[in-house]
Structure formats: C-alpha cells, structure tokens
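Participant: Just target-v1.cif, nothing more (mmCIF, N, CA and C atoms):
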data_final
#
loop_
_atom_site.label_atom_id
_atom_site.label_comp_id
_atom_site.auth_asym_id
_atom_site.auth_seq_id
_atom_site.Cartn_x
_atom_site.Cartn_y
_atom_site.Cartn_z
N MET A 1 56.53 50.26 133.78
CA MET A 1 56.10 50.20 132.40
C MET A 1 56.94 49.12 131.71
N SER A 2 56.27 48.27 130.94
CA SER A 2 56.99 47.24 130.20
C SER A 2 56.86 47.50 128.70
N TRP A 3 57.85 47.09 127.98
CA TRP A 3 57.89 47.29 126.53
C TRP A 3 57.63 45.96 125.84
N ILE A 4 56.83 45.99 124.79
CA ILE A 4 56.60 44.80 123.98
C ILE A 4 56.80 45.16 122.51
N SER A 5 57.23 44.20 121.72
CA SER A 5 57.40 44.44 120.29
C SER A 5 56.11 44.07 119.57
N LEU A 6 55.61 45.01 118.77
CA LEU A 6 54.39 44.79 118.01
C LEU A 6 54.60 45.21 116.56
N TYR A 7 53.74 44.71 115.70
CA TYR A 7 53.71 45.08 114.30
C TYR A 7 52.65 46.17 114.18
N CYS A 8 53.08 47.39 113.85
CA CYS A 8 52.17 48.54 113.81
C CYS A 8 51.83 48.89 112.37
N VAL A 9 50.56 49.21 112.14
CA VAL A 9 50.09 49.57 110.80
C VAL A 9 49.35 50.90 110.89
N LEU A 10 49.80 51.87 110.09
CA LEU A 10 49.18 53.18 110.02
C LEU A 10 48.38 53.25 108.73
N LYS A 11 47.05 53.36 108.87
CA LYS A 11 46.19 53.34 107.69
C LYS A 11 44.89 54.08 107.97
N ASN A 12 44.49 54.94 107.03
CA ASN A 12 43.21 55.66 107.11
C ASN A 12 43.02 56.41 108.43
N GLY A 13 44.08 57.07 108.89
CA GLY A 13 43.96 57.87 110.11
C GLY A 13 43.88 57.05 111.39
N GLU A 14 44.26 55.79 111.31
CA GLU A 14 44.25 54.92 112.49
C GLU A 14 45.57 54.17 112.60
N LEU A 15 45.96 53.89 113.82
CA LEU A 15 47.16 53.10 114.10
C LEU A 15 46.72 51.80 114.75
N SER A 16 46.98 50.70 114.04
CA SER A 16 46.56 49.37 114.53
C SER A 16 47.79 48.58 114.97
N PHE A 17 47.56 47.61 115.86
CA PHE A 17 48.64 46.81 116.42
C PHE A 17 48.37 45.33 116.24
N TYR A 18 49.42 44.63 115.82
CA TYR A 18 49.34 43.19 115.58
C TYR A 18 50.54 42.52 116.22
N LYS A 19 50.39 41.24 116.55
CA LYS A 19 51.50 40.49 117.14
C LYS A 19 52.67 40.42 116.16
N ASP A 20 52.35 40.21 114.87
CA ASP A 20 53.37 40.10 113.84
C ASP A 20 52.73 40.32 112.47
N ALA A 21 53.53 40.23 111.41
CA ALA A 21 53.01 40.46 110.05
C ALA A 21 51.96 39.42 109.67
N LYS A 22 52.12 38.19 110.14
CA LYS A 22 51.14 37.14 109.84
C LYS A 22 49.78 37.48 110.44
N SER A 23 49.78 38.00 111.65
CA SER A 23 48.53 38.42 112.29
C SER A 23 47.88 39.56 111.51
N PHE A 24 48.71 40.44 110.95
CA PHE A 24 48.18 41.53 110.15
C PHE A 24 47.47 40.99 108.90
N THR A 25 48.08 40.03 108.22
CA THR A 25 47.45 39.48 107.01
C THR A 25 46.14 38.77 107.36
N SER A 26 46.05 38.25 108.59
CA SER A 26 44.81 37.60 109.05
C SER A 26 43.86 38.61 109.70
N LEU A 27 44.33 39.87 109.84
CA LEU A 27 43.56 40.94 110.48
C LEU A 27 43.17 40.61 111.93
N ILE A 28 44.08 39.98 112.63
CA ILE A 28 43.87 39.67 114.04
C ILE A 28 44.69 40.65 114.86
N THR A 29 44.03 41.66 115.43
CA THR A 29 44.75 42.68 116.19
C THR A 29 45.28 42.10 117.50
N TYR A 30 46.28 42.77 118.03
CA TYR A 30 46.90 42.34 119.28
C TYR A 30 45.89 42.44 120.41
N HIS A 31 45.62 41.33 121.04
CA HIS A 31 44.66 41.22 122.15
C HIS A 31 43.28 41.77 121.79
N GLY A 32 42.95 41.78 120.51
CA GLY A 32 41.64 42.26 120.07
C GLY A 32 41.44 43.75 120.26
N GLU A 33 42.54 44.48 120.46
CA GLU A 33 42.46 45.93 120.70
C GLU A 33 41.95 46.66 119.47
N GLU A 34 41.16 47.69 119.71
CA GLU A 34 40.71 48.58 118.63
C GLU A 34 41.89 49.46 118.22
N PRO A 35 41.93 49.87 116.96
CA PRO A 35 43.01 50.77 116.54
C PRO A 35 42.88 52.14 117.20
N PHE A 36 44.01 52.85 117.31
CA PHE A 36 43.99 54.22 117.82
C PHE A 36 43.46 55.13 116.72
N ASN A 37 42.47 55.93 117.03
CA ASN A 37 42.00 56.95 116.10
C ASN A 37 42.92 58.15 116.28
N LEU A 38 43.54 58.61 115.21
CA LEU A 38 44.53 59.68 115.31
C LEU A 38 43.94 61.09 115.16
N LYS A 39 42.61 61.18 115.17
CA LYS A 39 41.98 62.50 115.08
C LYS A 39 42.44 63.34 116.27
N ASP A 40 42.98 64.52 115.98
CA ASP A 40 43.47 65.47 116.99
C ASP A 40 44.62 64.92 117.83
N ALA A 41 45.33 63.92 117.32
CA ALA A 41 46.48 63.37 118.03
C ALA A 41 47.70 64.26 117.81
N PHE A 42 48.73 64.07 118.63
CA PHE A 42 49.96 64.85 118.52
C PHE A 42 51.13 63.89 118.65
N CYS A 43 52.08 64.00 117.74
CA CYS A 43 53.23 63.09 117.71
C CYS A 43 54.52 63.90 117.69
N GLN A 44 55.48 63.50 118.53
CA GLN A 44 56.77 64.18 118.54
C GLN A 44 57.84 63.24 119.12
N ALA A 45 59.09 63.55 118.83
CA ALA A 45 60.20 62.78 119.39
C ALA A 45 60.18 62.97 120.91
N ALA A 46 60.41 61.90 121.63
CA ALA A 46 60.43 61.96 123.09
C ALA A 46 61.86 62.21 123.54
N SER A 47 62.36 63.41 123.24
CA SER A 47 63.76 63.74 123.51
C SER A 47 64.10 63.70 125.00
N GLY A 48 63.12 63.94 125.86
CA GLY A 48 63.37 63.91 127.29
C GLY A 48 63.37 62.51 127.88
N TYR A 49 62.98 61.52 127.09
CA TYR A 49 62.94 60.14 127.58
C TYR A 49 64.33 59.53 127.43
N LYS A 50 64.95 59.16 128.52
CA LYS A 50 66.35 58.73 128.50
C LYS A 50 66.56 57.23 128.65
N LYS A 51 65.51 56.47 128.96
CA LYS A 51 65.67 55.04 129.20
C LYS A 51 65.94 54.25 127.93
N LYS A 52 65.42 54.72 126.80
CA LYS A 52 65.62 54.04 125.52
C LYS A 52 65.88 55.07 124.45
N LYS A 53 66.56 54.64 123.38
CA LYS A 53 66.85 55.53 122.26
C LYS A 53 65.76 55.42 121.20
N HIS A 54 65.69 56.45 120.35
CA HIS A 54 64.80 56.46 119.18
C HIS A 54 63.33 56.25 119.56
N VAL A 55 62.86 57.07 120.50
CA VAL A 55 61.50 56.94 121.01
C VAL A 55 60.68 58.18 120.61
N PHE A 56 59.44 57.93 120.19
CA PHE A 56 58.53 59.05 119.96
C PHE A 56 57.30 58.88 120.83
N ARG A 57 56.66 60.01 121.10
CA ARG A 57 55.48 60.07 121.96
C ARG A 57 54.26 60.36 121.10
N LEU A 58 53.19 59.63 121.35
CA LEU A 58 51.93 59.85 120.67
C LEU A 58 50.88 60.19 121.72
N ARG A 59 50.33 61.39 121.64
CA ARG A 59 49.28 61.82 122.57
C ARG A 59 47.96 61.83 121.80
N LEU A 60 47.01 61.04 122.27
CA LEU A 60 45.70 60.94 121.62
C LEU A 60 44.75 62.01 122.15
N SER A 61 43.65 62.19 121.43
CA SER A 61 42.69 63.24 121.81
C SER A 61 42.06 62.99 123.18
N ASN A 62 42.06 61.75 123.64
CA ASN A 62 41.47 61.46 124.96
C ASN A 62 42.46 61.73 126.10
N GLY A 63 43.68 62.20 125.75
CA GLY A 63 44.67 62.55 126.76
C GLY A 63 45.67 61.44 127.05
N SER A 64 45.44 60.23 126.55
CA SER A 64 46.39 59.15 126.81
C SER A 64 47.66 59.36 125.98
N GLU A 65 48.78 58.95 126.55
CA GLU A 65 50.07 59.07 125.87
C GLU A 65 50.71 57.70 125.75
N TRP A 66 51.36 57.49 124.61
CA TRP A 66 51.99 56.22 124.32
C TRP A 66 53.40 56.48 123.80
N LEU A 67 54.33 55.61 124.17
CA LEU A 67 55.70 55.72 123.69
C LEU A 67 55.98 54.58 122.72
N PHE A 68 56.68 54.90 121.64
CA PHE A 68 57.04 53.92 120.62
C PHE A 68 58.54 54.02 120.37
N GLN A 69 59.19 52.86 120.33
CA GLN A 69 60.62 52.85 120.05
C GLN A 69 60.86 52.33 118.64
N CYS A 70 61.72 53.03 117.91
CA CYS A 70 62.10 52.64 116.56
C CYS A 70 63.51 52.07 116.57
N LYS A 71 63.87 51.41 115.47
CA LYS A 71 65.19 50.77 115.44
C LYS A 71 66.34 51.76 115.30
N ASP A 72 66.07 52.91 114.64
CA ASP A 72 67.13 53.91 114.45
C ASP A 72 66.52 55.29 114.24
N GLU A 73 67.38 56.28 114.11
CA GLU A 73 66.93 57.67 113.95
C GLU A 73 66.13 57.86 112.66
N ASP A 74 66.54 57.20 111.58
CA ASP A 74 65.85 57.32 110.30
C ASP A 74 64.41 56.80 110.40
N GLU A 75 64.25 55.65 111.01
CA GLU A 75 62.90 55.09 111.18
C GLU A 75 62.07 55.98 112.10
N LEU A 76 62.69 56.54 113.11
CA LEU A 76 61.99 57.45 114.03
C LEU A 76 61.42 58.64 113.27
N GLU A 77 62.22 59.28 112.43
CA GLU A 77 61.77 60.43 111.65
C GLU A 77 60.64 60.04 110.70
N LYS A 78 60.76 58.87 110.07
CA LYS A 78 59.72 58.42 109.14
C LYS A 78 58.39 58.19 109.85
N TRP A 79 58.43 57.59 111.03
CA TRP A 79 57.20 57.36 111.78
C TRP A 79 56.56 58.67 112.21
N ILE A 80 57.37 59.60 112.70
CA ILE A 80 56.82 60.89 113.14
C ILE A 80 56.18 61.62 111.96
N GLU A 81 56.87 61.62 110.81
CA GLU A 81 56.32 62.26 109.62
C GLU A 81 55.03 61.60 109.16
N ALA A 82 55.01 60.27 109.17
CA ALA A 82 53.83 59.53 108.71
C ALA A 82 52.63 59.75 109.64
N VAL A 83 52.85 59.71 110.94
CA VAL A 83 51.76 59.91 111.88
C VAL A 83 51.25 61.35 111.78
N THR A 84 52.17 62.30 111.70
CA THR A 84 51.77 63.71 111.57
C THR A 84 50.97 63.92 110.29
N ALA A 85 51.40 63.32 109.18
CA ALA A 85 50.67 63.44 107.91
C ALA A 85 49.28 62.82 108.03
N ALA A 86 49.18 61.70 108.73
CA ALA A 86 47.88 61.05 108.92
C ALA A 86 46.94 61.95 109.72
N VAL A 87 47.46 62.57 110.76
CA VAL A 87 46.65 63.48 111.58
C VAL A 87 46.18 64.67 110.73
N GLU A 88 47.10 65.22 109.94
CA GLU A 88 46.76 66.36 109.09
C GLU A 88 45.74 65.98 108.01
N SER A 89 45.83 64.77 107.49
CA SER A 89 44.86 64.35 106.46
C SER A 89 43.46 64.22 107.04
N ILE A 90 43.37 63.85 108.31
CA ILE A 90 42.07 63.79 108.98
C ILE A 90 41.52 65.20 109.10
N GLU A 91 42.37 66.16 109.46
CA GLU A 91 41.94 67.55 109.58
C GLU A 91 41.43 68.08 108.25
N VAL A 92 42.11 67.76 107.16
CA VAL A 92 41.69 68.22 105.83
C VAL A 92 40.38 67.58 105.43
N SER A 93 40.23 66.28 105.71
CA SER A 93 39.02 65.58 105.29
C SER A 93 37.78 66.04 106.04
N LYS A 94 37.94 66.58 107.25
CA LYS A 94 36.77 67.05 107.98
C LYS A 94 36.44 68.51 107.69
N THR A 95 37.29 69.19 106.91
CA THR A 95 37.03 70.57 106.51
C THR A 95 36.03 70.56 105.37
N PRO A 96 35.00 71.39 105.42
CA PRO A 96 34.02 71.42 104.32
C PRO A 96 34.70 71.71 102.98
N GLU A 97 34.15 71.15 101.93
CA GLU A 97 34.72 71.28 100.59
C GLU A 97 34.92 72.73 100.19
N THR A 98 34.00 73.59 100.57
CA THR A 98 34.11 75.00 100.18
C THR A 98 35.31 75.68 100.83
N GLN A 99 35.74 75.18 101.97
CA GLN A 99 36.90 75.77 102.64
C GLN A 99 38.21 75.15 102.15
N ARG A 100 38.17 74.01 101.48
CA ARG A 100 39.37 73.35 101.01
C ARG A 100 39.86 73.90 99.67
N ARG A 101 39.00 74.58 98.95
CA ARG A 101 39.39 75.09 97.65
C ARG A 101 40.41 76.20 97.80
N ALA A 102 41.15 76.42 96.74
CA ALA A 102 42.13 77.51 96.75
C ALA A 102 41.40 78.83 96.88
N GLN A 103 41.96 79.69 97.65
CA GLN A 103 41.37 81.01 97.86
C GLN A 103 42.15 82.03 97.03
N THR A 104 41.46 82.97 96.46
CA THR A 104 42.13 84.02 95.71
C THR A 104 42.21 85.27 96.55
N LEU A 105 43.22 86.06 96.29
CA LEU A 105 43.37 87.32 97.01
C LEU A 105 42.35 88.32 96.49
N PRO A 106 41.93 89.25 97.31
CA PRO A 106 40.99 90.26 96.83
C PRO A 106 41.66 91.14 95.78
N LEU A 107 40.83 91.70 94.92
CA LEU A 107 41.36 92.59 93.89
C LEU A 107 41.95 93.82 94.55
N PRO A 108 42.98 94.42 93.92
CA PRO A 108 43.56 95.63 94.51
C PRO A 108 42.53 96.75 94.51
N SER A 109 42.67 97.65 95.45
CA SER A 109 41.72 98.75 95.54
C SER A 109 41.80 99.60 94.27
N THR A 110 40.68 100.20 93.91
CA THR A 110 40.62 100.97 92.66
C THR A 110 40.56 102.46 92.96
N ARG A 111 41.40 102.90 93.87
CA ARG A 111 41.47 104.33 94.16
C ARG A 111 42.09 105.04 92.97
N THR A 112 41.54 106.16 92.59
CA THR A 112 42.11 106.90 91.47
C THR A 112 43.06 107.95 92.01
N PRO A 113 44.30 107.93 91.51
CA PRO A 113 45.25 108.92 91.98
C PRO A 113 44.84 110.31 91.49
N GLU A 114 45.21 111.31 92.22
CA GLU A 114 44.88 112.67 91.81
C GLU A 114 45.59 112.97 90.49
N ALA A 115 44.84 113.48 89.57
CA ALA A 115 45.40 113.77 88.25
C ALA A 115 46.23 115.04 88.31
N SER A 116 47.39 114.96 87.70
CA SER A 116 48.21 116.16 87.60
C SER A 116 48.28 116.55 86.14
N PRO A 117 48.22 117.85 85.84
CA PRO A 117 48.16 118.30 84.45
C PRO A 117 49.38 117.85 83.67
N GLY A 118 49.12 117.35 82.43
CA GLY A 118 50.20 116.96 81.53
C GLY A 118 50.87 115.64 81.90
N ARG A 119 50.33 114.92 82.85
CA ARG A 119 50.96 113.67 83.27
C ARG A 119 49.93 112.56 83.20
N LYS A 120 50.30 111.44 82.55
CA LYS A 120 49.37 110.31 82.45
C LYS A 120 49.41 109.52 83.76
N ASP A 121 48.26 108.98 84.09
CA ASP A 121 48.22 108.13 85.28
C ASP A 121 48.98 106.84 84.99
N LYS A 122 49.83 106.46 85.90
CA LYS A 122 50.59 105.22 85.73
C LYS A 122 50.13 104.21 86.77
N GLU A 123 50.08 102.99 86.34
CA GLU A 123 49.71 101.91 87.25
C GLU A 123 50.92 101.60 88.12
N LYS A 124 50.69 101.48 89.41
CA LYS A 124 51.78 101.13 90.31
C LYS A 124 51.92 99.63 90.36
N ARG A 125 53.15 99.17 90.31
CA ARG A 125 53.42 97.74 90.41
C ARG A 125 54.33 97.51 91.62
N PHE A 126 54.08 96.43 92.29
CA PHE A 126 54.86 96.11 93.47
C PHE A 126 55.61 94.81 93.24
N SER A 127 56.77 94.73 93.83
CA SER A 127 57.59 93.52 93.69
C SER A 127 58.08 93.11 95.07
N PHE A 128 58.22 91.81 95.25
CA PHE A 128 58.76 91.29 96.51
C PHE A 128 60.28 91.21 96.46
N PHE A 129 60.84 91.44 95.29
CA PHE A 129 62.28 91.33 95.11
C PHE A 129 62.90 92.71 95.03
N GLN A 130 64.10 92.81 95.51
CA GLN A 130 64.80 94.08 95.46
C GLN A 130 65.17 94.38 94.01
N LYS A 131 64.96 95.62 93.61
CA LYS A 131 65.27 96.00 92.23
C LYS A 131 66.75 96.29 92.11
N LYS A 132 67.31 95.87 90.97
CA LYS A 132 68.71 96.15 90.69
C LYS A 132 68.80 97.56 90.13
N LYS A 133 69.82 98.27 90.55
CA LYS A 133 69.99 99.65 90.07
C LYS A 133 70.99 99.71 88.96
#
What would you get if you wrote out this structure as structure tokens?
Facilitator:
Amino acid sequence: MSWISLYCVLKNGELSFYKDAKSFTSLITYHGEEPFNLKDAFCQAASGYKKKKHVFRLRLSNGSEWLFQCKDEDELEKWIEAVTAAVESIEVSKTPETQRRAQTLPLPSTRTPEASPGRKDKEKRFSFFQKKK
C-alpha cells in the first residue's frame, strides 16, 4: 500500500479528492475520481494501525475501507467528527418529514384512585430529582 498526499473536501455528504487547493478551485478531481458517497459509511480512529500516526479508517457502504492520515491528533478528531456528522446528516435527510418532527410523550393515564371518605383526591407528581428532607 502506498500513501499519497491529497486535498480532501467534505461537502454535501460526499468526500472528494483533489491534487491540491488549486485543483479544487478548478473542480478537477484527482485522476477524475468520483467523490465517495458517505451514505451508510463508518468512520473511526485506526488505533490498531501502527505504521503511521494520526490515522482514521473510513468504511464505505460498498465494503471498501480507506485509511487517512492527519497531521496531528487535533486534526484527526476534527475529521472523524466532521465525517460522522456528514453521515448522520444523510441519515436525517432521508428520514420522512413526519418522522423528523419532535415527538410528544403520551398523556398520563387517567385512572381514578379509589375515593376514601373525607379525603380529597390528590394529583400525584413525579420528580427525577431526589427530594430534600
């Protein structure tokens, strides 16, 4: 396996490759390659890869895997976060609008407590926090 330095651009759920920034401004991809579609892709640090530092692995939906080396740990984390966010945005965009809306919890059950003589019914309230005594 050989390593080459490329100018990578993450945009609209795709990862494109260019020889350099000038090629990007001219929109001339590296060797005319199509961008990687990140739909259903998986990205993670390649911690088991020992030949180079600051490497992440990108597994595409077709099963192919690619390794990318960053200049430092900070850049590595930023790339992983950005690729993961791009994959998640594709998942959200393919979800029907009705499923993307906020969902409300069902109303509490309206069981009536047994009435006891001389005692008013009290509404029960629940708290997620411990009560102070």
Participant: So which residues get picked by the PyMOL selection byres (((chain A and resi 40 and name CA) around 10) and name CA) here, written as JSON, numbers by chain?
Facilitator: {"A": [37, 38, 39, 41, 42, 59, 60, 61, 62, 87, 88, 90, 91]}
Participant: Draw an axis-aligned box tight on the listed atoms of region 64-79 of chain A, then pad every side by 4 Å and write out centre and edge lengths in Å to one decimal as lines of an AutoDock Vina configuration file.
Facilitator:
center_x = 56.4
center_y = 55.6
center_z = 118.0
size_x = 29.9
size_y = 17.7
size_z = 25.7
Participant: For the structure shown, which residues end up in the PyMOL selection byres ((chain A and resi 68) around 6.5)? Put them as a list in words, please?
Facilitator: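 Those residues are His54, Val55, Phe56, Arg57, Leu58, Trp66, Leu67, Gln69 and Cys70 of chain A.
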Participant: In Å to one decimal, how far is CA of Tyr49 (chain A) from CA of Tyr18 (chain A)?
Facilitator: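 Separating CA of Tyr18 (chain A) from CA of Tyr49 (chain A) is a distance of 24.8 Å.
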Participant: Find the distance between atom C of Ile80 (chain A) and atom N of Leu10 (chain A) and write it in Å to one decimal.
Facilitator: 11.8 Å
Participant: Extract the full set of alpha helix (DSSP H) residues from region 13-90 of chain A according to DSSP on the backbone, and format it as a PyMOL selection string.
Facilitator: chain A and resi 21-25+73-90
Participant: If I take CA of Glu81 (chain A) and CA of Lys51 (chain A), how far is one from the other in Å, to one decimal?
Facilitator: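 So the answer is 22.9 Å.
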Participant: Residues proximal to (51.2, 40.2, 118.2) were defined as those with any atom within 8 Å of that point in the file's coordinates, counting only N, CA and C atoms. Which are they, as a list in words?
Facilitator: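 Collected hits near the coordinates: Ser5, Leu6, Tyr7, Phe17, Tyr18, Lys19, Asp20, Ala21, Ser23, Phe24, Ile28, Thr29, Tyr30 and His31 of chain A.
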Participant: Convert the output of the PyMOL selection byres ((chain A and resi 36) around 5) on the shown file into explicit residues, formatted as a list of chain:residue names.
Facilitator: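 Evaluating the PyMOL selection byres ((chain A and resi 36) around 5) on this file yields A:Glu14, A:Leu15, A:Ser16, A:Glu34, A:Pro35, A:Asn37, A:Leu38.
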Participant: Considering only C-alpha atoms, return as JSON, numbers by chain whatever protein or nucleic-acid residues lie within 10 Å of Lys53 (chain A), sequence-local ones (same chain, fewer than 6 positions apart) excluded.
Facilitator: {"A": [46, 47, 69, 70, 71, 72, 73, 76]}
Participant: Can you sort out region 30-54 of chain A so it carries N, CA, C and O atoms, written as a tab-separated table (two decimals), keeping the file's coordinate frame?
Facilitator:
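Once everything was written out, this is out-v8.tsv:
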chain	number	residue	atom	x	y	z
A	30	TYR	N	46.28	42.77	118.03
A	30	TYR	CA	46.90	42.34	119.28
A	30	TYR	C	45.89	42.44	120.41
A	30	TYR	O	45.32	43.50	120.67
A	31	HIS	N	45.62	41.33	121.04
A	31	HIS	CA	44.66	41.22	122.15
A	31	HIS	C	43.28	41.77	121.79
A	31	HIS	O	42.54	42.21	122.68
A	32	GLY	N	42.95	41.78	120.51
A	32	GLY	CA	41.64	42.26	120.07
A	32	GLY	C	41.44	43.75	120.26
A	32	GLY	O	40.30	44.24	120.23
A	33	GLU	N	42.54	44.48	120.46
A	33	GLU	CA	42.46	45.93	120.70
A	33	GLU	C	41.95	46.66	119.47
A	33	GLU	O	42.28	46.32	118.34
A	34	GLU	N	41.16	47.69	119.71
A	34	GLU	CA	40.71	48.58	118.63
A	34	GLU	C	41.89	49.46	118.22
A	34	GLU	O	42.74	49.79	119.06
A	35	PRO	N	41.93	49.87	116.96
A	35	PRO	CA	43.01	50.77	116.54
A	35	PRO	C	42.88	52.14	117.20
A	35	PRO	O	41.78	52.54	117.61
A	36	PHE	N	44.01	52.85	117.31
A	36	PHE	CA	43.99	54.22	117.82
A	36	PHE	C	43.46	55.13	116.72
A	36	PHE	O	43.98	55.12	115.60
A	37	ASN	N	42.47	55.93	117.03
A	37	ASN	CA	42.00	56.95	116.10
A	37	ASN	C	42.92	58.15	116.28
A	37	ASN	O	43.07	58.67	117.39
A	38	LEU	N	43.54	58.61	115.21
A	38	LEU	CA	44.53	59.68	115.31
A	38	LEU	C	43.94	61.09	115.16
A	38	LEU	O	44.68	62.06	115.09
A	39	LYS	N	42.61	61.18	115.17
A	39	LYS	CA	41.98	62.50	115.08
A	39	LYS	C	42.44	63.34	116.27
A	39	LYS	O	42.35	62.92	117.42
A	40	ASP	N	42.98	64.52	115.98
A	40	ASP	CA	43.47	65.47	116.99
A	40	ASP	C	44.62	64.92	117.83
A	40	ASP	O	44.87	65.39	118.94
A	41	ALA	N	45.33	63.92	117.32
A	41	ALA	CA	46.48	63.37	118.03
A	41	ALA	C	47.70	64.26	117.81
A	41	ALA	O	47.73	65.10	116.90
A	42	PHE	N	48.73	64.07	118.63
A	42	PHE	CA	49.96	64.85	118.52
A	42	PHE	C	51.13	63.89	118.65
A	42	PHE	O	51.17	63.06	119.55
A	43	CYS	N	52.08	64.00	117.74
A	43	CYS	CA	53.23	63.09	117.71
A	43	CYS	C	54.52	63.90	117.69
A	43	CYS	O	54.63	64.88	116.92
A	44	GLN	N	55.48	63.50	118.53
A	44	GLN	CA	56.77	64.18	118.54
A	44	GLN	C	57.84	63.24	119.12
A	44	GLN	O	57.52	62.28	119.81
A	45	ALA	N	59.09	63.55	118.83
A	45	ALA	CA	60.20	62.78	119.39
A	45	ALA	C	60.18	62.97	120.91
A	45	ALA	O	59.94	64.07	121.40
A	46	ALA	N	60.41	61.90	121.63
A	46	ALA	CA	60.43	61.96	123.09
A	46	ALA	C	61.86	62.21	123.54
A	46	ALA	O	62.52	61.35	124.12
A	47	SER	N	62.36	63.41	123.24
A	47	SER	CA	63.76	63.74	123.51
A	47	SER	C	64.10	63.70	125.00
A	47	SER	O	65.23	63.45	125.37
A	48	GLY	N	63.12	63.94	125.86
A	48	GLY	CA	63.37	63.91	127.29
A	48	GLY	C	63.37	62.51	127.88
A	48	GLY	O	63.74	62.32	129.04
A	49	TYR	N	62.98	61.52	127.09
A	49	TYR	CA	62.94	60.14	127.58
A	49	TYR	C	64.33	59.53	127.43
A	49	TYR	O	64.85	59.41	126.32
A	50	LYS	N	64.95	59.16	128.52
A	50	LYS	CA	66.35	58.73	128.50
A	50	LYS	C	66.56	57.23	128.65
A	50	LYS	O	67.66	56.74	128.48
A	51	LYS	N	65.51	56.47	128.96
A	51	LYS	CA	65.67	55.04	129.20
A	51	LYS	C	65.94	54.25	127.93
A	51	LYS	O	66.59	53.21	127.96
A	52	LYS	N	65.42	54.72	126.80
A	52	LYS	CA	65.62	54.04	125.52
A	52	LYS	C	65.88	55.07	124.45
A	52	LYS	O	65.47	56.22	124.55
A	53	LYS	N	66.56	54.64	123.38
A	53	LYS	CA	66.85	55.53	122.26
A	53	LYS	C	65.76	55.42	121.20
A	53	LYS	O	65.04	54.44	121.14
A	54	HIS	N	65.69	56.45	120.35
A	54	HIS	CA	64.80	56.46	119.18
A	54	HIS	C	63.33	56.25	119.56
A	54	HIS	O	62.64	55.40	119.03
